[in-house]
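S.K.: My structure is in structure-v8.csv, and what it holds is CSV, C-alpha atoms:
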chain,number,residue,atom,x,y,z
A,1186,MET,CA,10.4,59.6,19.4
A,1187,ASP,CA,12.1,62.7,18.2
A,1188,GLU,CA,10.2,66.0,18.0
A,1189,GLU,CA,9.9,66.0,14.2
A,1190,THR,CA,8.2,62.6,14.3
A,1191,GLN,CA,5.9,63.8,17.0
A,1192,ARG,CA,4.8,66.9,15.1
A,1193,MET,CA,4.3,64.8,12.0
A,1194,LEU,CA,1.9,62.4,13.8
A,1195,ILE,CA,0.0,65.3,15.4
A,1196,ASN,CA,-0.5,67.0,12.0
A,1197,LEU,CA,-1.5,63.6,10.5
A,1198,ARG,CA,-4.1,63.2,13.3
A,1199,ARG,CA,-5.6,66.6,12.4
A,1200,GLU,CA,-5.8,65.5,8.8
A,1201,MET,CA,-7.4,62.1,9.6
A,1202,ARG,CA,-9.8,62.8,12.4
A,1203,LYS,CA,-11.7,59.5,12.5
A,1204,ALA,CA,-8.8,57.1,11.8
A,1205,SER,CA,-7.6,54.7,14.5
A,1206,VAL,CA,-4.0,54.9,15.8
A,1207,PRO,CA,-2.9,51.7,13.9
A,1208,THR,CA,-4.4,53.1,10.7
A,1209,LEU,CA,-2.6,56.4,11.4
A,1210,LEU,CA,0.7,54.6,11.7
A,1211,ARG,CA,0.1,52.5,8.6
A,1212,VAL,CA,-0.6,55.6,6.5
A,1213,ALA,CA,2.5,57.3,8.0
A,1214,ARG,CA,4.7,54.4,6.9
A,1215,GLU,CA,3.1,54.3,3.4
A,1216,ARG,CA,3.9,58.0,3.0
A,1217,GLY,CA,7.5,57.6,4.3
A,1218,LEU,CA,6.9,59.9,7.2
A,1219,LEU,CA,8.4,57.7,9.9
A,1220,PRO,CA,12.1,57.1,10.4
A,1221,ALA,CA,13.5,53.7,9.6
A,1222,ASP,CA,14.2,52.9,13.3
A,1223,PHE,CA,10.7,53.9,14.5
A,1224,ASN,CA,9.4,51.2,16.9
A,1225,SER,CA,7.0,53.1,19.2
A,1226,SER,CA,3.8,51.1,20.1
A,1227,PRO,CA,0.3,52.3,19.2
A,1228,GLN,CA,-0.3,52.9,22.9
A,1229,SER,CA,2.7,55.3,23.1
A,1230,VAL,CA,1.4,57.2,20.0
A,1231,TYR,CA,-2.1,57.5,21.6
A,1232,ARG,CA,-0.6,58.9,24.8
A,1233,LEU,CA,1.4,61.4,22.7
A,1234,LEU,CA,-1.8,62.5,20.9
A,1235,LYS,CA,-3.7,62.7,24.2
A,1236,ARG,CA,-1.0,64.9,25.8
A,1237,SER,CA,-0.8,67.2,22.8
A,1238,GLY,CA,-4.5,68.0,23.1
A,1239,VAL,CA,-5.2,67.1,19.5
A,1240,GLU,CA,-7.7,64.4,20.6
A,1241,GLU,CA,-9.8,67.1,22.3
A,1242,GLU,CA,-10.0,69.0,19.1
A,1243,LEU,CA,-12.1,66.3,17.5
A,1244,PRO,CA,-15.8,67.4,17.0
A,1245,ARG,CA,-18.2,65.9,19.5
A,1246,LYS,CA,-21.6,64.6,18.3
A,1247,ASP,CA,-24.7,66.2,19.7
A,1248,ARG,CA,-26.3,63.3,21.6
A,1249,ARG,CA,-29.3,63.9,23.9
A,1250,ARG,CA,-31.4,61.7,26.0
A,1251,PHE,CA,-34.9,61.3,24.6
A,1252,GLU,CA,-38.1,59.5,25.6
A,1253,ALA,CA,-41.4,59.1,23.7
A,1254,GLU,CA,-44.3,61.1,25.2
A,1255,LEU,CA,-46.9,58.3,25.1
A,1256,PRO,CA,-46.9,54.5,24.9
A,1257,ASN,CA,-46.7,53.1,21.3
A,1258,ASP,CA,-45.3,56.3,20.0
A,1259,LEU,CA,-42.0,54.6,19.4
A,1260,TRP,CA,-40.8,51.0,19.5
A,1261,GLN,CA,-37.2,49.9,19.3
A,1262,SER,CA,-36.1,46.5,18.2
A,1263,ASP,CA,-32.9,44.5,18.1
A,1264,CYS,CA,-31.5,40.9,18.0
A,1265,MET,CA,-29.3,39.1,20.4
A,1266,HIS,CA,-27.3,35.8,20.0
A,1267,GLY,CA,-28.8,33.5,22.6
A,1268,PRO,CA,-27.9,30.2,24.2
A,1269,LYS,CA,-27.9,26.8,22.5
A,1270,VAL,CA,-30.9,24.6,22.8
A,1271,SER,CA,-31.4,20.9,22.3
A,1272,GLU,CA,-33.4,20.1,19.2
A,1273,GLY,CA,-33.6,16.3,18.7
A,1274,ASP,CA,-30.1,15.0,19.2
A,1275,LYS,CA,-28.4,18.2,18.2
A,1276,LEU,CA,-27.6,21.5,19.9
A,1277,ARG,CA,-28.8,24.6,18.0
A,1278,LYS,CA,-27.9,28.2,18.5
A,1279,THR,CA,-30.7,30.6,19.2
A,1280,PHE,CA,-31.4,34.3,18.4
A,1281,LEU,CA,-33.6,36.6,20.5
A,1282,PHE,CA,-35.7,39.1,18.6
A,1283,ALA,CA,-37.3,41.7,20.9
A,1284,PHE,CA,-39.3,45.0,20.9
A,1285,ILE,CA,-39.4,47.6,23.6
A,1286,ASP,CA,-41.8,50.5,24.1
A,1287,ASP,CA,-39.7,53.7,24.4
A,1288,HIS,CA,-42.1,55.4,26.8
A,1289,SER,CA,-43.0,52.7,29.3
A,1290,ARG,CA,-40.1,50.2,28.7
A,1291,LEU,CA,-42.7,47.5,28.3
A,1292,ILE,CA,-41.8,44.5,26.1
A,1293,PRO,CA,-44.5,44.0,23.5
A,1294,HIS,CA,-43.0,40.7,22.5
A,1295,ALA,CA,-39.7,38.9,22.6
A,1296,GLN,CA,-38.9,35.4,21.4
A,1297,PHE,CA,-36.0,33.1,20.7
A,1298,TYR,CA,-35.7,31.6,17.2
A,1299,LEU,CA,-33.3,29.2,15.5
A,1300,ARG,CA,-32.6,31.5,12.6
A,1301,GLU,CA,-31.6,35.2,12.4
A,1302,ASN,CA,-33.6,36.0,9.3
A,1303,LEU,CA,-36.4,38.1,8.1
A,1304,GLU,CA,-39.0,35.4,8.6
A,1305,SER,CA,-38.2,35.2,12.3
A,1306,PHE,CA,-38.2,39.0,12.8
A,1307,LEU,CA,-41.6,39.4,11.0
A,1308,ASP,CA,-43.1,36.6,13.1
A,1309,CYS,CA,-42.0,38.3,16.3
A,1310,PHE,CA,-43.2,41.7,14.9
A,1311,ARG,CA,-46.7,40.3,14.1
A,1312,LYS,CA,-47.1,38.7,17.6
A,1313,ALA,CA,-46.0,42.0,19.2
A,1314,LEU,CA,-48.7,43.9,17.2
A,1315,GLU,CA,-51.4,41.4,18.1
A,1316,LYS,CA,-50.6,41.7,21.8
A,1317,ARG,CA,-49.9,45.5,22.2
A,1318,GLY,CA,-51.4,47.3,19.2
A,1319,LEU,CA,-49.7,49.4,16.5
A,1320,PRO,CA,-46.8,51.7,17.2
A,1321,ARG,CA,-46.5,55.0,15.3
A,1322,LYS,CA,-42.7,54.6,14.7
A,1323,LEU,CA,-40.4,51.6,14.6
A,1324,TYR,CA,-36.7,52.2,15.2
A,1325,VAL,CA,-34.4,49.4,14.0
A,1326,ASP,CA,-30.8,48.5,13.0
A,1327,ASN,CA,-29.3,48.4,9.5
A,1328,GLY,CA,-29.0,44.6,9.2
A,1329,PRO,CA,-30.4,42.7,6.2
A,1330,SER,CA,-33.6,41.8,7.9
A,1331,TYR,CA,-34.4,45.4,8.8
A,1332,ARG,CA,-33.6,46.7,5.3
A,1333,ALA,CA,-35.8,44.2,3.5
A,1334,HIS,CA,-38.5,45.4,1.1
A,1335,GLN,CA,-41.0,43.1,2.8
A,1336,LEU,CA,-40.6,45.0,6.1
A,1337,GLU,CA,-41.0,48.3,4.3
A,1338,HIS,CA,-44.2,47.0,2.7
A,1339,VAL,CA,-45.6,45.7,6.0
A,1340,SER,CA,-44.8,49.0,7.9
A,1341,ALA,CA,-46.3,51.2,5.2
A,1342,SER,CA,-49.5,49.2,4.9
A,1343,LEU,CA,-50.0,49.5,8.7
A,1344,GLY,CA,-49.2,53.2,8.8
A,1345,ILE,CA,-46.0,52.7,10.8
A,1346,ALA,CA,-43.0,54.9,10.1
A,1347,LEU,CA,-39.9,52.7,9.7
A,1348,ILE,CA,-36.7,54.4,11.0
A,1349,HIS,CA,-33.1,53.1,10.7
A,1350,CYS,CA,-30.4,54.1,13.1
A,1351,THR,CA,-27.1,55.6,11.9
A,1352,PRO,CA,-24.7,52.8,10.9
A,1353,TYR,CA,-22.1,51.9,13.6
A,1354,GLU,CA,-23.8,54.0,16.2
A,1355,ALA,CA,-25.8,51.9,18.7
A,1356,GLU,CA,-26.4,54.8,21.1
A,1357,GLY,CA,-29.8,55.6,19.5
A,1358,LYS,CA,-31.1,52.1,20.5
A,1359,GLY,CA,-29.8,52.5,24.0
A,1360,LYS,CA,-33.1,51.3,25.6
A,1361,ILE,CA,-33.3,48.0,23.8
A,1362,GLU,CA,-29.5,47.5,24.2
A,1363,ARG,CA,-29.9,48.0,28.0
A,1364,TRP,CA,-32.8,45.6,28.2
A,1365,ILE,CA,-30.7,42.9,26.3
A,1366,LYS,CA,-28.0,43.4,28.9
A,1367,THR,CA,-30.6,42.9,31.6
A,1368,VAL,CA,-31.6,39.6,29.9
A,1369,ARG,CA,-28.0,38.4,29.9
A,1370,MET,CA,-27.5,39.2,33.6
A,1371,GLN,CA,-30.8,38.4,35.2
A,1372,PHE,CA,-32.4,35.8,32.9
A,1373,LEU,CA,-29.7,33.8,31.0
A,1374,SER,CA,-27.6,33.4,34.1
A,1375,THR,CA,-30.4,31.5,35.8
A,1376,LEU,CA,-31.1,28.9,33.1
A,1377,PRO,CA,-30.1,25.2,33.3
A,1378,ASP,CA,-27.7,23.7,30.9
A,1379,THR,CA,-30.1,21.9,28.5
A,1380,LEU,CA,-33.4,23.3,27.4
A,1381,SER,CA,-35.6,22.9,24.3
A,1382,LEU,CA,-36.5,26.0,22.3
A,1383,HIS,CA,-40.1,25.8,23.5
A,1384,GLN,CA,-39.0,25.6,27.2
A,1385,LEU,CA,-36.6,28.5,26.7
A,1386,ASN,CA,-39.3,30.7,25.3
A,1387,GLU,CA,-41.8,29.7,28.1
A,1388,ARG,CA,-39.2,30.7,30.7
A,1389,LEU,CA,-38.5,34.0,28.9
A,1390,TRP,CA,-42.2,35.0,28.7
A,1391,ALA,CA,-42.8,34.0,32.4
A,1392,TRP,CA,-39.8,36.2,33.4
A,1393,ILE,CA,-41.0,39.1,31.4
A,1394,ASP,CA,-44.6,39.0,32.6
A,1395,LYS,CA,-44.0,38.1,36.2
A,1396,ASN,CA,-40.7,39.8,36.9
A,1397,TYR,CA,-39.6,42.5,34.5
A,1398,HIS,CA,-43.0,44.1,33.8
A,1399,LEU,CA,-43.9,44.3,37.5
A,1400,ARG,CA,-40.6,45.6,38.8
A,1401,VAL,CA,-39.9,49.4,39.2
A,1402,HIS,CA,-37.7,50.6,36.3
A,1403,GLY,CA,-34.5,52.4,37.2
A,1404,SER,CA,-35.1,55.3,34.8
A,1405,THR,CA,-38.8,55.8,34.9
A,1406,LYS,CA,-39.3,55.0,38.6
A,1407,ARG,CA,-42.5,53.2,37.5
A,1408,ARG,CA,-43.4,49.7,36.7
A,1409,PRO,CA,-43.4,49.2,32.9
A,1410,LEU,CA,-46.9,47.7,32.8
A,1411,ASP,CA,-48.4,50.5,34.9
A,1412,ARG,CA,-46.9,53.2,32.8
A,1413,TYR,CA,-48.0,51.5,29.6
A,1414,LEU,CA,-51.6,51.0,30.8
A,1415,GLU,CA,-51.9,54.7,32.0
A,1416,HIS,CA,-52.8,55.8,28.4
A,1417,ILE,CA,-54.3,52.6,27.1
A,1418,GLN,CA,-57.2,54.5,25.5
A,1419,LEU,CA,-54.7,56.1,23.0
A,1420,ILE,CA,-53.3,52.8,21.7
A,1421,ARG,CA,-54.3,51.8,18.1
A,1422,ALA,CA,-55.5,48.2,18.0
A,1423,ALA,CA,-54.1,45.9,15.4
A,1424,PRO,CA,-56.5,45.2,12.4
A,1425,LYS,CA,-58.4,42.0,12.4
A,1426,ASN,CA,-56.9,41.1,9.0
A,1427,LEU,CA,-53.4,41.6,10.4
A,1428,PHE,CA,-52.0,38.5,8.6
A,1429,GLU,CA,-52.9,40.0,5.2
A,1430,HIS,CA,-50.5,42.9,5.8
A,1431,PHE,CA,-47.6,40.5,6.3
A,1432,ARG,CA,-48.1,38.7,3.0
A,1433,MET,CA,-45.2,38.6,0.6
A,1434,LYS,CA,-45.3,40.9,-2.4
A,1435,THR,CA,-43.9,40.1,-5.8
A,1436,THR,CA,-44.4,41.0,-9.4
A,1437,ARG,CA,-45.0,38.5,-12.2
A,1438,LYS,CA,-46.1,38.6,-15.9
A,1439,VAL,CA,-49.2,36.7,-17.1
A,1440,TYR,CA,-48.4,34.6,-20.2
A,1441,LYS,CA,-50.6,34.4,-23.3
A,1442,ASP,CA,-52.0,31.0,-22.1
A,1443,ARG,CA,-53.1,32.8,-18.8
A,1444,SER,CA,-50.6,30.9,-16.8
A,1445,ILE,CA,-48.4,32.4,-14.1
A,1446,SER,CA,-45.8,30.8,-11.9
A,1447,LEU,CA,-45.0,31.2,-8.2
A,1448,LEU,CA,-43.4,29.0,-5.5
A,1449,GLY,CA,-42.6,26.3,-8.1
A,1450,LYS,CA,-46.3,25.9,-9.1
A,1451,VAL,CA,-48.4,27.1,-12.1
A,1452,TYR,CA,-51.6,29.0,-11.7
A,1453,GLU,CA,-54.3,30.4,-14.0
A,1454,ALA,CA,-54.9,34.2,-14.1
A,1455,PRO,CA,-58.0,36.1,-15.4
A,1456,VAL,CA,-58.0,36.5,-19.2
A,1457,ALA,CA,-58.1,40.3,-18.9
A,1458,LEU,CA,-54.6,40.2,-17.4
A,1459,ILE,CA,-52.9,38.4,-20.3
A,1460,ASP,CA,-49.5,40.1,-21.0
A,1461,LYS,CA,-49.8,42.3,-18.0
A,1462,ARG,CA,-47.3,42.6,-15.1
A,1463,VAL,CA,-49.3,42.0,-12.0
A,1464,THR,CA,-48.7,42.0,-8.2
A,1465,LEU,CA,-49.1,38.8,-6.2
A,1466,LEU,CA,-49.7,38.8,-2.5
A,1467,TYR,CA,-49.2,35.5,-0.7
A,1468,ASP,CA,-48.1,33.7,2.4
A,1469,ALA,CA,-45.4,31.1,1.7
A,1470,LYS,CA,-47.1,28.8,4.3
A,1471,ASP,CA,-50.5,29.1,2.6
A,1472,PRO,CA,-49.9,28.7,-1.2
A,1473,GLY,CA,-53.6,28.1,-1.8
A,1474,ARG,CA,-54.4,31.8,-1.2
A,1475,ILE,CA,-52.5,33.9,-3.7
A,1476,GLU,CA,-54.2,37.2,-4.4
A,1477,ILE,CA,-53.6,38.9,-7.8
A,1478,CYS,CA,-53.7,42.6,-8.2
A,1479,TYR,CA,-53.3,45.0,-11.1
A,1480,ASN,CA,-53.2,48.8,-11.0
A,1481,GLY,CA,-54.2,48.8,-7.3
A,1482,SER,CA,-57.3,46.6,-7.9
A,1483,SER,CA,-57.8,43.0,-6.7
A,1484,TYR,CA,-58.7,40.3,-9.2
A,1485,GLY,CA,-59.3,37.6,-6.6
A,1486,PHE,CA,-57.3,34.5,-5.9
A,1487,LEU,CA,-55.3,32.4,-8.4
A,1488,VAL,CA,-56.6,29.0,-9.3
A,1489,PRO,CA,-54.1,26.1,-9.7
A,1490,LEU,CA,-53.6,25.1,-13.3
A,1491,ASN,CA,-55.3,21.8,-14.3
A,1492,PRO,CA,-54.4,20.9,-17.9
A,1493,HIS,CA,-56.8,17.9,-17.8
A,1494,VAL,CA,-59.8,20.1,-17.2
A,1495,ASN,CA,-58.7,22.7,-19.7
A,1496,ILE,CA,-58.8,20.2,-22.6
A,1497,ARG,CA,-62.5,19.8,-22.1
A,1498,LEU,CA,-63.4,23.5,-22.1
A,1499,LYS,CA,-64.2,25.7,-25.1
A,1500,ARG,CA,-62.2,28.9,-25.5
A,1501,THR,CA,-64.0,32.2,-25.3
A,1502,GLN,CA,-63.1,34.9,-27.8
A,1503,SER,CA,-63.1,37.9,-25.4
A,1504,ARG,CA,-60.7,40.2,-27.2
A,1505,GLY,CA,-58.7,40.6,-24.0
A,1506,VAL,CA,-61.7,41.4,-21.8
A,1507,ASP,CA,-62.7,39.0,-19.1
A,1508,VAL,CA,-66.2,37.5,-19.5
A,1509,LEU,CA,-68.1,38.4,-16.3
A,1510,PRO,CA,-71.2,36.7,-14.9
A,1511,ARG,CA,-74.5,38.3,-15.7
A,1512,ALA,CA,-76.6,36.9,-12.9
A,1513,ALA,CA,-78.2,40.3,-12.3
A,1514,GLU,CA,-79.4,40.4,-15.9
A,1515,THR,CA,-80.6,36.8,-16.2
A,1516,GLY,CA,-81.6,36.0,-12.6
A,1517,GLY,CA,-79.2,33.0,-12.6
A,1518,LYS,CA,-81.1,31.4,-15.5
A,1519,GLU,CA,-80.0,30.5,-19.0
A,1520,PRO,CA,-80.5,33.2,-21.6
A,1521,SER,CA,-83.5,32.5,-23.8
A,1522,GLY,CA,-83.7,32.4,-27.6
A,1523,GLY,CA,-82.3,29.9,-30.2
A,1524,SER,CA,-81.9,26.2,-30.2
A,1525,ASP,CA,-78.4,26.4,-28.9
A,1526,PRO,CA,-78.3,28.6,-25.7
A,1527,GLY,CA,-74.5,28.7,-25.8
A,1528,PRO,CA,-72.8,29.3,-22.4
A,1529,GLU,CA,-74.9,28.4,-19.3
A,1530,TYR,CA,-75.3,30.7,-16.4
A,1531,LYS,CA,-75.4,28.8,-13.1
A,1532,SER,CA,-75.5,30.5,-9.7
A,1533,GLY,CA,-74.3,33.7,-11.3
A,1534,LYS,CA,-71.1,32.2,-12.8
A,1535,LEU,CA,-70.3,31.6,-16.4
A,1536,PHE,CA,-69.6,28.0,-17.3
A,1537,GLU,CA,-68.6,26.8,-20.8
A,1538,ARG,CA,-70.4,23.7,-22.3
A,1539,GLU,CA,-68.3,20.6,-22.1
A,1540,GLU,CA,-66.5,19.7,-25.3
A,1541,ARG,CA,-66.2,16.0,-25.8
A,1542,PRO,CA,-63.5,15.1,-28.4
A,1543,ASP,CA,-64.5,11.4,-28.1
A,1544,ALA,CA,-68.1,12.1,-29.2
A,1545,GLU,CA,-66.8,14.0,-32.3
A,1546,LEU,CA,-64.7,11.0,-33.3
In structure tokens, what does this structure look like?
M.R.:
Amino acid sequence: MDEETQRMLINLRREMRKASVPTLLRVARERGLLPADFNSSPQSVYRLLKRSGVEEELPRKDRRRFEAELPNDLWQSDCMHGPKVSEGDKLRKTFLFAFIDDHSRLIPHAQFYLRENLESFLDCFRKALEKRGLPRKLYVDNGPSYRAHQLEHVSASLGIALIHCTPYEAEGKGKIERWIKTVRMQFLSTLPDTLSLHQLNERLWAWIDKNYHLRVHGSTKRRPLDRYLEHIQLIRAAPKNLFEHFRMKTTRKVYKDRSISLLGKVYEAPVALIDKRVTLLYDAKDPGRIEICYNGSSYGFLVPLNPHVNIRLKRTQSRGVDVLPRAAETGGKEPSGGSDPGPEYKSGKLFEREERPDAEL
């Protein structure tokens, strides 16, 4: 390499601080800066830049070791590609989702799943909260599952600050990354060749509870379980209605016939919400309990549409206002006066009189 080419590469490195050496050479060729007979390898160019001291001129990032002051102040989470398991007559790849407490290094929960998606992550997160209470902060990666609106909704409703690490910099999640390395070396290396998903998770939980949690940690010099329980009185317990915080959230419009669609089914909404855009809270595994909300207020649960029942009911002219029961005013009895009492009040609920088209005929 002649001196002029060397100076050109050094100046180009100062211009392109973050570019790799192959990228640096490609740009130099595109700009016509390299001689026609240039054939030095990227390794030779790197050694040149190293000798010149230009690599030392690159700015260093300010990274510092940190640790949460108390248990459940900060949780870290990540996913690892796991071993294959036998499901029926097929081998399926697994994915390990795990959470680690930054202060004690305790594992709130970890589990292998067959899919690397949001549903698997939220299932693992919910089980971790049930077992170890609520963290104040959750530190996660930038993958699709961690950027989902559903996770943001769950975290906000539980009062957990959701923090995403800087893209392409795994140093911030060093504790969970180190634990995953421990799983590979000390757990996966001891497994037999063929296991089912259930057997794999049972072995994982036994290894965590009977081995990892009871062994002195190299950094803290304490057992993770002992350090976690030292301030157990400060831990926020998970709410009893935890499953409600994990419900899916979506927006729909109520049609003029009070119908609203979700999960491929049609439901009936309150008449007061006709033409309104409402919020639906639901669990895909329990389509029978879909809560409908509007302007922050709950209007109860949707009722599946039954057109055969609707043909027998009279319509109420409510001018867009839902007809509410008046059990407190009538004591659960029919209103008095007139030969035709109109609507009947039974058990505090309003029922329309049956309309029988066959009788009219």
S.K.: Using only C-alpha atoms, which residue out of A:Arg1443, A:Lys1425, A:His1416, A:Arg1236 lies closest to Arg1311 of chain A?
M.R.: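 Once distances to Arg1311 of chain A are computed over only C-alpha atoms, the minimum belongs to A:Lys1425.
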S.K.: Could you check the closest approach to Tyr1298 of chain A for each of A:Leu1209, A:Leu1414, A:Leu1385, A:Leu1458 and tell me which residue wins, using all atoms listed in the file?
M.R.: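 Ranking A:Leu1209, A:Leu1414, A:Leu1385, A:Leu1458 by distance to Tyr1298 of chain A, first place goes to A:Leu1385.
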S.K.: May I ask for the distance between atom CA of Asn1257 of chain A and atom CA of Met1370 of chain A, given in Å to one decimal place?
M.R.: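 Rounded to one decimal, the two atoms are 26.7 Å apart.
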S.K.: Would you mind listing what lies within 6 Å of segment 1332-1347 of chain A as a list in words, with all atoms listed in the file counted and same-chain residues fewer than 2 positions away left out?
M.R.: Arg1321, Lys1322, Leu1323, Pro1329, Ser1330, His1430 and Phe1431 of chain A
S.K.: So what do you get for atom CA of Lys1434 of chain A versus atom CA of His1266 of chain A, distance-wise?
M.R.: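 Computed distance, atom CA of Lys1434 of chain A to atom CA of His1266 of chain A, equals 29.2 Å.
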